[in-house]
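Have a look at input21.tsv below; it lists TSV, C-alpha atoms (C1' of nucleotides).
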chain	number	residue	atom	x	y	z
D	1	MET	CA	24.17	-8.40	-1.92
D	2	ARG	CA	23.43	-4.86	-0.87
D	3	ASP	CA	21.84	-4.59	2.55
D	4	PHE	CA	18.25	-4.26	1.53
D	5	SER	CA	17.24	-2.29	4.61
D	6	ARG	CA	19.26	0.55	3.11
D	7	SER	CA	17.81	0.26	-0.34
D	8	LEU	CA	16.04	3.22	-1.86
D	9	PRO	CA	12.59	1.62	-1.89
D	10	MET	CA	12.89	0.78	1.79
D	11	SER	CA	14.12	4.25	2.66
D	12	LEU	CA	11.19	5.78	0.86
D	13	LEU	CA	8.74	3.38	2.40
D	14	ARG	CA	9.94	3.96	5.94
D	15	ALA	CA	10.05	7.72	5.51
D	16	ARG	CA	6.55	7.80	4.14
D	17	GLU	CA	5.26	5.56	6.87
D	18	ALA	CA	6.87	7.79	9.50
D	19	VAL	CA	5.05	10.75	7.99
D	20	MET	CA	1.70	9.06	7.58
D	21	ARG	CA	1.82	7.73	11.09
D	22	GLN	CA	1.45	11.35	12.18
D	23	PHE	CA	-1.72	11.87	10.18
D	24	ARG	CA	-3.59	8.61	10.33
D	25	PRO	CA	-4.96	8.85	13.89
D	26	LYS	CA	-6.54	12.23	13.25
D	27	LEU	CA	-8.05	11.15	9.95
D	28	ARG	CA	-9.35	8.03	11.60
D	29	GLU	CA	-11.16	10.13	14.19
D	30	HIS	CA	-13.20	11.49	11.31
D	31	GLY	CA	-13.71	8.10	9.71
D	32	LEU	CA	-11.43	8.87	6.81
D	33	THR	CA	-8.66	6.87	5.30
D	34	GLU	CA	-5.61	8.42	3.79
D	35	GLN	CA	-6.92	7.87	0.27
D	36	GLN	CA	-10.38	9.21	0.97
D	37	TRP	CA	-8.77	12.32	2.40
D	38	ARG	CA	-6.63	12.68	-0.73
D	39	ILE	CA	-9.71	12.56	-2.91
D	40	LEU	CA	-11.61	15.11	-0.87
D	41	ARG	CA	-8.64	17.45	-0.93
D	42	ALA	CA	-8.25	17.08	-4.64
D	43	LEU	CA	-11.94	17.75	-5.21
D	44	ALA	CA	-11.97	20.75	-2.91
D	45	ALA	CA	-9.27	22.33	-5.04
D	46	ILE	CA	-10.86	21.82	-8.43
D	47	ASP	CA	-14.64	21.90	-7.93
D	48	ALA	CA	-15.50	19.13	-10.37
D	49	ALA	CA	-13.42	16.60	-12.21
D	50	GLU	CA	-13.73	13.53	-14.36
D	51	VAL	CA	-12.81	10.25	-12.72
D	52	THR	CA	-9.70	9.77	-14.80
D	53	GLU	CA	-8.47	13.26	-14.05
D	54	LEU	CA	-9.14	12.70	-10.36
D	55	ALA	CA	-7.21	9.46	-10.43
D	56	ARG	CA	-4.21	11.26	-11.85
D	57	THR	CA	-4.45	14.09	-9.35
D	58	ALA	CA	-4.94	11.91	-6.28
D	59	PHE	CA	-2.42	9.37	-7.61
D	60	LEU	CA	-4.79	6.45	-7.35
D	61	LEU	CA	-5.43	3.66	-9.78
D	62	GLY	CA	-8.78	3.53	-11.47
D	63	PRO	CA	-10.13	0.51	-9.64
D	64	SER	CA	-9.22	1.91	-6.23
D	65	LEU	CA	-10.79	5.21	-7.08
D	66	SER	CA	-13.93	3.53	-8.39
D	67	ARG	CA	-14.47	1.77	-5.07
D	68	ILE	CA	-13.67	4.77	-2.96
D	69	LEU	CA	-15.98	7.04	-4.93
D	70	ARG	CA	-18.78	4.52	-4.48
D	71	ASP	CA	-18.23	4.64	-0.71
D	72	LEU	CA	-17.84	8.41	-0.51
D	73	GLU	CA	-21.00	8.84	-2.54
D	74	ALA	CA	-22.87	6.51	-0.19
D	75	ARG	CA	-21.72	8.73	2.67
D	76	ASN	CA	-22.90	11.82	0.78
D	77	LEU	CA	-19.46	13.38	0.83
D	78	ILE	CA	-19.31	13.65	-2.94
D	79	GLU	CA	-21.75	13.96	-5.86
D	80	ARG	CA	-21.60	12.64	-9.39
D	81	LYS	CA	-23.41	13.32	-12.57
D	82	THR	CA	-22.72	11.94	-16.00
D	83	ALA	CA	-21.57	14.50	-18.52
D	84	LYS	CA	-24.15	15.38	-21.16
D	85	SER	CA	-21.70	15.63	-24.01
D	86	ASP	CA	-20.18	12.21	-23.30
D	87	GLN	CA	-22.22	9.64	-21.44
D	88	ARG	CA	-19.12	7.67	-20.53
D	89	ARG	CA	-17.69	10.46	-18.41
D	90	SER	CA	-18.94	11.28	-14.97
D	91	MET	CA	-18.19	14.53	-13.23
D	92	VAL	CA	-17.36	14.22	-9.56
D	93	SER	CA	-17.62	17.05	-7.08
D	94	ILE	CA	-17.46	17.48	-3.34
D	95	SER	CA	-20.77	17.90	-1.53
D	96	LYS	CA	-21.71	20.40	1.15
D	97	GLU	CA	-21.18	17.72	3.75
D	98	GLY	CA	-17.82	16.97	2.21
D	99	VAL	CA	-16.82	20.58	2.50
D	100	LYS	CA	-17.97	20.62	6.10
D	101	LEU	CA	-15.92	17.53	6.90
D	102	MET	CA	-12.88	19.03	5.25
D	103	ALA	CA	-13.28	22.17	7.30
D	104	ALA	CA	-13.34	20.03	10.41
D	105	VAL	CA	-10.21	18.08	9.57
D	106	ALA	CA	-8.08	20.65	7.79
D	107	PRO	CA	-6.88	22.58	10.87
D	108	SER	CA	-5.51	19.48	12.57
D	109	SER	CA	-3.98	18.32	9.33
D	110	GLU	CA	-2.27	21.65	8.81
D	111	ALA	CA	-1.05	21.66	12.39
D	112	ILE	CA	0.50	18.23	11.98
D	113	TYR	CA	2.15	19.29	8.76
D	114	ALA	CA	3.49	22.40	10.43
D	115	GLU	CA	4.92	20.32	13.26
D	116	ILE	CA	6.65	18.02	10.79
D	117	THR	CA	8.06	21.05	9.01
D	118	ARG	CA	9.26	22.50	12.29
D	119	ARG	CA	10.96	19.30	13.34
D	120	PHE	CA	12.65	18.57	10.06
D	121	GLY	CA	13.31	22.15	9.03
D	122	ALA	CA	11.52	24.07	6.33
D	123	ARG	CA	14.58	24.49	4.17
D	124	LYS	CA	15.52	20.83	4.41
D	125	LEU	CA	11.98	19.83	3.65
D	126	ALA	CA	12.01	21.89	0.49
D	127	GLU	CA	15.33	20.33	-0.52
D	128	LEU	CA	13.98	16.86	0.11
D	129	GLN	CA	10.92	17.46	-2.00
D	130	GLU	CA	13.06	18.91	-4.73
D	131	MET	CA	15.16	15.75	-4.78
D	132	LEU	CA	12.11	13.52	-4.72
D	133	GLY	CA	10.72	15.39	-7.69
D	134	GLU	CA	13.95	14.96	-9.59
D	135	LEU	CA	14.04	11.28	-8.81
D	136	GLU	CA	10.51	10.86	-10.08
D	137	LEU	CA	11.35	12.78	-13.21
D	138	CYS	CA	14.51	10.90	-14.09
D	139	LEU	CA	12.74	7.56	-13.68
D	140	ALA	CA	9.62	8.57	-15.53
D	141	SER	CA	11.67	9.02	-18.65
D	142	THR	CA	12.64	5.34	-18.47
D	143	GLU	CA	9.26	4.25	-19.71
D	144	ALA	CA	9.38	6.58	-22.66
D	145	SER	CA	12.72	5.17	-23.76
D	146	ASP	CA	11.51	1.62	-23.16
D	147	VAL	CA	8.57	2.26	-25.40
D	148	ALA	CA	10.95	3.74	-27.94
D	149	ASP	CA	13.09	0.59	-27.75
D	150	GLU	CA	10.13	-1.53	-28.61
D	151	MET	CA	9.27	0.51	-31.66
N	152	MET	CA	-5.04	25.18	1.64
N	153	ARG	CA	-1.64	23.95	0.57
N	154	ASP	CA	-1.66	22.28	-2.84
N	155	PHE	CA	-1.80	18.68	-1.79
N	156	SER	CA	-0.04	17.37	-4.86
N	157	ARG	CA	3.06	19.01	-3.45
N	158	SER	CA	2.64	17.67	0.06
N	159	LEU	CA	5.35	15.54	1.56
N	160	PRO	CA	3.29	12.34	1.67
N	161	MET	CA	2.45	12.70	-2.01
N	162	SER	CA	6.05	13.43	-2.94
N	163	LEU	CA	7.20	10.34	-1.11
N	164	LEU	CA	4.44	8.23	-2.59
N	165	ARG	CA	5.13	9.30	-6.15
N	166	ALA	CA	8.87	8.88	-5.77
N	167	ARG	CA	8.49	5.42	-4.33
N	168	GLU	CA	6.05	4.43	-7.02
N	169	ALA	CA	8.44	5.67	-9.69
N	170	VAL	CA	11.15	3.48	-8.21
N	171	MET	CA	9.03	0.39	-7.72
N	172	ARG	CA	7.66	0.65	-11.21
N	173	GLN	CA	11.16	-0.23	-12.35
N	174	PHE	CA	11.30	-3.41	-10.32
N	175	ARG	CA	7.79	-4.83	-10.39
N	176	PRO	CA	7.79	-6.26	-13.92
N	177	LYS	CA	10.94	-8.27	-13.32
N	178	LEU	CA	9.71	-9.58	-9.98
N	179	ARG	CA	6.43	-10.46	-11.57
N	180	GLU	CA	8.21	-12.58	-14.16
N	181	HIS	CA	9.34	-14.75	-11.29
N	182	GLY	CA	5.93	-14.77	-9.61
N	183	LEU	CA	7.06	-12.58	-6.76
N	184	THR	CA	5.46	-9.52	-5.26
N	185	GLU	CA	7.46	-6.70	-3.83
N	186	GLN	CA	6.79	-7.85	-0.28
N	187	GLN	CA	7.63	-11.48	-0.96
N	188	TRP	CA	10.90	-10.34	-2.43
N	189	ARG	CA	11.62	-8.22	0.63
N	190	ILE	CA	11.11	-11.22	2.86
N	191	LEU	CA	13.34	-13.48	0.81
N	192	ARG	CA	16.06	-10.85	0.79
N	193	ALA	CA	15.82	-10.36	4.51
N	194	LEU	CA	15.99	-14.10	5.11
N	195	ALA	CA	18.92	-14.58	2.77
N	196	ALA	CA	20.89	-12.10	4.83
N	197	ILE	CA	20.24	-13.55	8.26
N	198	ASP	CA	19.79	-17.31	7.80
N	199	ALA	CA	16.97	-17.74	10.30
N	200	ALA	CA	14.78	-15.31	12.16
N	201	GLU	CA	11.72	-15.17	14.34
N	202	VAL	CA	8.58	-13.84	12.73
N	203	THR	CA	8.57	-10.65	14.77
N	204	GLU	CA	12.17	-9.93	13.95
N	205	LEU	CA	11.47	-10.57	10.29
N	206	ALA	CA	8.52	-8.21	10.38
N	207	ARG	CA	10.72	-5.47	11.73
N	208	THR	CA	13.45	-6.13	9.18
N	209	ALA	CA	11.17	-6.36	6.16
N	210	PHE	CA	9.02	-3.51	7.49
N	211	LEU	CA	5.80	-5.46	7.32
N	212	LEU	CA	2.99	-5.68	9.82
N	213	GLY	CA	2.44	-8.97	11.56
N	214	PRO	CA	-0.78	-9.92	9.79
N	215	SER	CA	0.67	-9.25	6.34
N	216	LEU	CA	3.75	-11.25	7.17
N	217	SER	CA	1.68	-14.10	8.54
N	218	ARG	CA	-0.18	-14.45	5.27
N	219	ILE	CA	2.86	-14.09	3.09
N	220	LEU	CA	4.83	-16.66	5.06
N	221	ARG	CA	1.94	-19.09	4.69
N	222	ASP	CA	2.07	-18.63	0.93
N	223	LEU	CA	5.85	-18.75	0.66
N	224	GLU	CA	5.88	-21.92	2.72
N	225	ALA	CA	3.27	-23.49	0.45
N	226	ARG	CA	5.59	-22.68	-2.46
N	227	ASN	CA	8.53	-24.25	-0.61
N	228	LEU	CA	10.52	-21.06	-0.74
N	229	ILE	CA	10.89	-20.89	3.04
N	230	GLU	CA	10.91	-23.30	5.97
N	231	ARG	CA	9.69	-22.91	9.52
N	232	LYS	CA	10.17	-24.78	12.72
N	233	THR	CA	8.97	-23.85	16.14
N	234	ALA	CA	11.73	-23.01	18.58
N	235	LYS	CA	12.33	-25.64	21.21
N	236	SER	CA	12.93	-23.20	24.03
N	237	ASP	CA	9.71	-21.27	23.36
N	238	GLN	CA	6.85	-22.97	21.57
N	239	ARG	CA	5.31	-19.64	20.65
N	240	ARG	CA	8.22	-18.62	18.50
N	241	SER	CA	8.79	-20.03	15.05
N	242	MET	CA	12.09	-19.74	13.27
N	243	VAL	CA	11.83	-18.93	9.59
N	244	SER	CA	14.56	-19.61	7.08
N	245	ILE	CA	14.95	-19.57	3.34
N	246	SER	CA	14.89	-22.93	1.59
N	247	LYS	CA	17.18	-24.23	-1.13
N	248	GLU	CA	14.54	-23.39	-3.68
N	249	GLY	CA	14.28	-19.94	-2.19
N	250	VAL	CA	18.01	-19.44	-2.56
N	251	LYS	CA	17.81	-20.63	-6.12
N	252	LEU	CA	15.02	-18.20	-6.91
N	253	MET	CA	16.95	-15.35	-5.34
N	254	ALA	CA	19.96	-16.20	-7.43
N	255	ALA	CA	17.79	-16.04	-10.51
N	256	VAL	CA	16.30	-12.64	-9.68
N	257	ALA	CA	19.18	-10.86	-7.97
N	258	PRO	CA	21.20	-9.97	-11.10
N	259	SER	CA	18.28	-8.21	-12.76
N	260	SER	CA	17.40	-6.50	-9.53
N	261	GLU	CA	20.93	-5.26	-9.08
N	262	ALA	CA	21.06	-4.10	-12.66
N	263	ILE	CA	17.87	-2.09	-12.23
N	264	TYR	CA	19.19	-0.57	-9.05
N	265	ALA	CA	22.43	0.32	-10.79
N	266	GLU	CA	20.52	1.98	-13.60
N	267	ILE	CA	18.53	4.04	-11.13
N	268	THR	CA	21.75	5.05	-9.40
N	269	ARG	CA	23.30	6.01	-12.71
N	270	ARG	CA	20.34	8.10	-13.75
N	271	PHE	CA	19.90	9.91	-10.48
N	272	GLY	CA	23.55	10.10	-9.52
N	273	ALA	CA	25.27	8.09	-6.81
N	274	ARG	CA	26.12	11.09	-4.70
N	275	LYS	CA	22.63	12.52	-4.91
N	276	LEU	CA	21.17	9.15	-4.09
N	277	ALA	CA	23.27	8.96	-0.96
N	278	GLU	CA	22.19	12.46	0.02
N	279	LEU	CA	18.56	11.60	-0.54
N	280	GLN	CA	18.77	8.51	1.61
N	281	GLU	CA	20.55	10.47	4.29
N	282	MET	CA	17.71	12.98	4.35
N	283	LEU	CA	15.08	10.27	4.37
N	284	GLY	CA	16.78	8.68	7.33
N	285	GLU	CA	16.84	11.97	9.18
N	286	LEU	CA	13.18	12.55	8.45
N	287	GLU	CA	12.31	9.14	9.78
N	288	LEU	CA	14.38	9.76	12.87
N	289	CYS	CA	12.96	13.15	13.73
N	290	LEU	CA	9.40	11.86	13.38
N	291	ALA	CA	10.01	8.65	15.29
N	292	SER	CA	10.80	10.69	18.37
N	293	THR	CA	7.26	12.12	18.25
N	294	GLU	CA	5.78	8.94	19.57
N	295	ALA	CA	8.19	8.84	22.48
N	296	SER	CA	7.24	12.38	23.48
N	297	ASP	CA	3.56	11.61	23.02
N	298	VAL	CA	3.89	8.68	25.34
N	299	ALA	CA	5.74	10.93	27.73
N	300	ASP	CA	2.87	13.45	27.56
N	301	GLU	CA	0.42	10.79	28.57
N	302	MET	CA	2.43	9.84	31.62
S	303	DC	C1'	-24.17	3.53	-42.52
S	304	DG	C1'	-21.86	-0.62	-40.29
S	305	DC	C1'	-18.55	-2.13	-37.43
S	306	DA	C1'	-14.10	-2.59	-35.48
S	307	DT	C1'	-11.47	0.21	-32.37
S	308	DT	C1'	-10.82	3.20	-28.75
S	309	DC	C1'	-12.25	5.26	-24.50
S	310	DA	C1'	-14.02	5.94	-19.69
S	311	DC	C1'	-15.04	3.68	-16.37
S	312	DT	C1'	-16.44	-0.59	-13.43
S	313	DT	C1'	-16.00	-5.38	-11.77
S	314	DA	C1'	-13.42	-9.15	-10.55
S	315	DA	C1'	-9.69	-11.59	-8.38
S	316	DC	C1'	-5.95	-11.87	-5.70
S	317	DA	C1'	-2.36	-9.71	-2.54
S	318	DT	C1'	-1.23	-6.44	1.02
S	319	DG	C1'	-2.21	-2.55	4.66
S	320	DT	C1'	-4.41	-1.74	8.96
S	321	DT	C1'	-6.76	-2.45	13.24
S	322	DA	C1'	-8.97	-5.51	16.44
S	323	DA	C1'	-9.74	-9.88	18.37
S	324	DG	C1'	-8.37	-14.64	19.12
S	325	DT	C1'	-5.14	-18.52	20.58
S	326	DA	C1'	-1.52	-20.81	22.57
S	327	DT	C1'	2.41	-20.33	25.32
S	328	DC	C1'	5.24	-18.35	28.69
S	329	DT	C1'	6.41	-15.60	32.94
S	330	DC	C1'	5.95	-13.71	37.14
S	331	DT	C1'	3.88	-13.04	41.41
S	332	DG	C1'	1.46	-14.27	45.52
J	333	DC	C1'	2.02	-23.87	41.78
J	334	DA	C1'	-2.27	-21.46	40.36
J	335	DG	C1'	-3.82	-17.70	37.96
J	336	DA	C1'	-3.26	-13.03	36.01
J	337	DG	C1'	-0.85	-10.75	32.70
J	338	DA	C1'	2.45	-10.53	28.97
J	339	DT	C1'	4.18	-12.44	24.54
J	340	DA	C1'	4.29	-14.34	19.78
J	341	DC	C1'	1.85	-15.18	16.58
J	342	DT	C1'	-2.64	-15.97	13.73
J	343	DT	C1'	-7.29	-14.94	12.13
J	344	DA	C1'	-10.76	-11.86	10.89
J	345	DA	C1'	-12.71	-7.85	8.71
J	346	DC	C1'	-12.52	-4.14	5.96
J	347	DA	C1'	-9.95	-0.91	2.74
J	348	DT	C1'	-6.60	-0.29	-0.88
J	349	DG	C1'	-2.97	-1.85	-4.54
J	350	DT	C1'	-2.50	-4.22	-8.82
J	351	DT	C1'	-3.59	-6.51	-13.03
J	352	DA	C1'	-6.98	-8.34	-16.17
J	353	DA	C1'	-11.41	-8.57	-18.00
J	354	DG	C1'	-15.98	-6.59	-18.75
J	355	DT	C1'	-19.47	-2.91	-20.20
J	356	DG	C1'	-21.47	0.76	-22.45
J	357	DA	C1'	-20.63	4.77	-25.16
J	358	DA	C1'	-18.05	7.42	-28.57
J	359	DT	C1'	-15.05	7.51	-32.87
J	360	DG	C1'	-13.02	6.60	-37.06
J	361	DC	C1'	-12.88	4.41	-41.35
J	362	DG	C1'	-14.20	1.82	-45.34

Please, can you express the file's structure as structure tokens?
Amino acid sequence: MRDFSRSLPMSLLRAREAVMRQFRPKLREHGLTEQQWRILRALAAIDAAEVTELARTAFLLGPSLSRILRDLEARNLIERKTAKSDQRRSMVSISKEGVKLMAAVAPSSEAIYAEITRRFGARKLAELQEMLGELELCLASTEASDVADEM
Amino acid sequence: MRDFSRSLPMSLLRAREAVMRQFRPKLREHGLTEQQWRILRALAAIDAAEVTELARTAFLLGPSLSRILRDLEARNLIERKTAKSDQRRSMVSISKEGVKLMAAVAPSSEAIYAEITRRFGARKLAELQEMLGELELCLASTEASDVADEM
DNA sequence: CGCATTCACTTAACATGTTAAGTATCTCTG
DNA sequence: CAGAGATACTTAACATGTTAAGTGAATGCG
């Protein structure tokens, strides 16, 4: 059987871990996990969003997001209000404190990202991300065809 | 700020998720999680290993591995015995049942991997893994230099 | 309208990720 | 050979991943 340490999932896992290892300590200094940081960043970019939309953007599953939003709200980093037109929906937005926290973390985060880019090479990094995007795309279509098969 | 949906960590996360989404259903049919499967594969390749060695091979942290081994042992998929020379160490190996289970899952797993390779292209896949390895390598050296800085 | 279905989210349950602390064993030094 | 420190795990505590089930609100259809 193929040496599993060289399998694609393992390669991706190790590469991602190598990258995140650079960020985690700094985020931790500010009491943020990787996922919480993702949510704040997503919210900072779009002002307000429904939970489902946020889940898609931050690439989190609903249940994870539900928990994290509860915690972030308790820490006053985000705000929620239920939409008037549809009581099921709740609009989430980043709070002033959230913005302040982001401002505190963003420089370090950018610096780390710049260092990674410098080490790996900007051109190579772009190539890598291009390939990752293609991989994602060519596998995403699997599900569509599977669904088609079942119809 | 850089659009975070196009950040390297997100690219890696989405790509990996796209890949694992192909495997998870089949593993689930056999009552295995991704990590349990990694451990069984690692063990099948090396006969017996110490826990620490296994953690490195399967890219799991000690505590996760500890729990998973407890569960796999309860299911009689692995066996352990403490080393005679060093009572702290325990040697882990795959059981007959474990081998049987692997034999049942491996064909599907290989088929899925082959399909991914076909879709993405064998050459491109090799290139991608090469780049991922380089990324891992150039970031791993960070820690060494950090340690050096502190000395 | 009535009511089954869908929808947007939340809760629940179990497994893993992550860091810190605990335990037993070993090793090395004085 | 005693006792400090290192080693190999394990346990604990908290956060997230993953799937299934639950809840309340909207929708569509007879």

What separation in Å, quoted to one decimal, exists between CA of Ile78 in chain D and CA of Ser93 in chain D?
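CA of Ile78 in chain D sits 5.6 Å away from CA of Ser93 in chain D.
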
Quick one: which residues from chain D are at most 9 Å off chain N, using all atoms listed in the file, as an NGL selection string?
:D and (1-22 or 38 or 41-42 or 45 or 57-59 or 106 or 110 or 113 or 116 or 119-120 or 124-125 or 128-129 or 131-140 or 142-143)

If the cut-off is 10 Å, can you tell me the residues of chain J near chain D, counting only C-alpha atoms (C1' of nucleotides)? I'd like them as a list in words.
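That gives the following set of residues: DA347, DT348, DG349, DT350, DG356, DA357 and DA358 of chain J.
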
Please report, as JSON lines, each residue of chain S lying at most 8 Å from chain D, together with the nearest pair of atoms and the separation in Å rounded to one decimal; use all atoms listed in the file, and order rows by chain and ascending residue number.
{"residue": "S:DA310", "atom": "C1'", "partner": "D:Arg88", "partner_atom": "CA", "distance": 5.5}
{"residue": "S:DC311", "atom": "C1'", "partner": "D:Arg88", "partner_atom": "CA", "distance": 7.1}
{"residue": "S:DT312", "atom": "C1'", "partner": "D:Ser66", "partner_atom": "CA", "distance": 7.0}

Which value, in Å to one decimal, gives the distance between CA of Gly31 in chain D and CA of Ala55 in chain D?
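Computing it gives 21.2 Å between the two atoms.
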
State, in Å with one decimal place, the distance from CA of Asn76 in chain D to C1' of DT320 in chain S.
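Computing the Euclidean distance for CA of Asn76 in chain D and C1' of DT320 in chain S yields 24.3 Å.
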
Grab all the atoms of range 311-326 of chain S that the file lists, wrap them in a box along x, y and z, add 5 Å per side, and give me centre plus edge lengths in Å (one decimal) as JSON.
{"center_x": -8.8, "center_y": -8.6, "center_z": 3.1, "size_x": 25.2, "size_y": 34.5, "size_z": 48.9}

Closest of S:DA323, S:DA306, S:DC330, S:DA314 to DG360 in chain J - atom-to-atom distances counting only C-alpha atoms (C1' of nucleotides)
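Going through S:DA323, S:DA306, S:DC330, S:DA314 one by one, the smallest distance to DG360 in chain J is for S:DA306.
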
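With distances taken from (-17.8, 17.7, -10.2) and restricted to only C-alpha atoms (C1' of nucleotides), the residues inside 6 Å are D:Asp47, D:Ala48, D:Ala49, D:Met91, D:Val92, D:Ser93.
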
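Only residues having an atom at most 12 Å from (-12.5, 9.6, -35.1) are included; using only C-alpha atoms (C1' of nucleotides), these are DT307, DT308 and DC309 of chain S; DA358, DT359, DG360 and DC361 of chain J.
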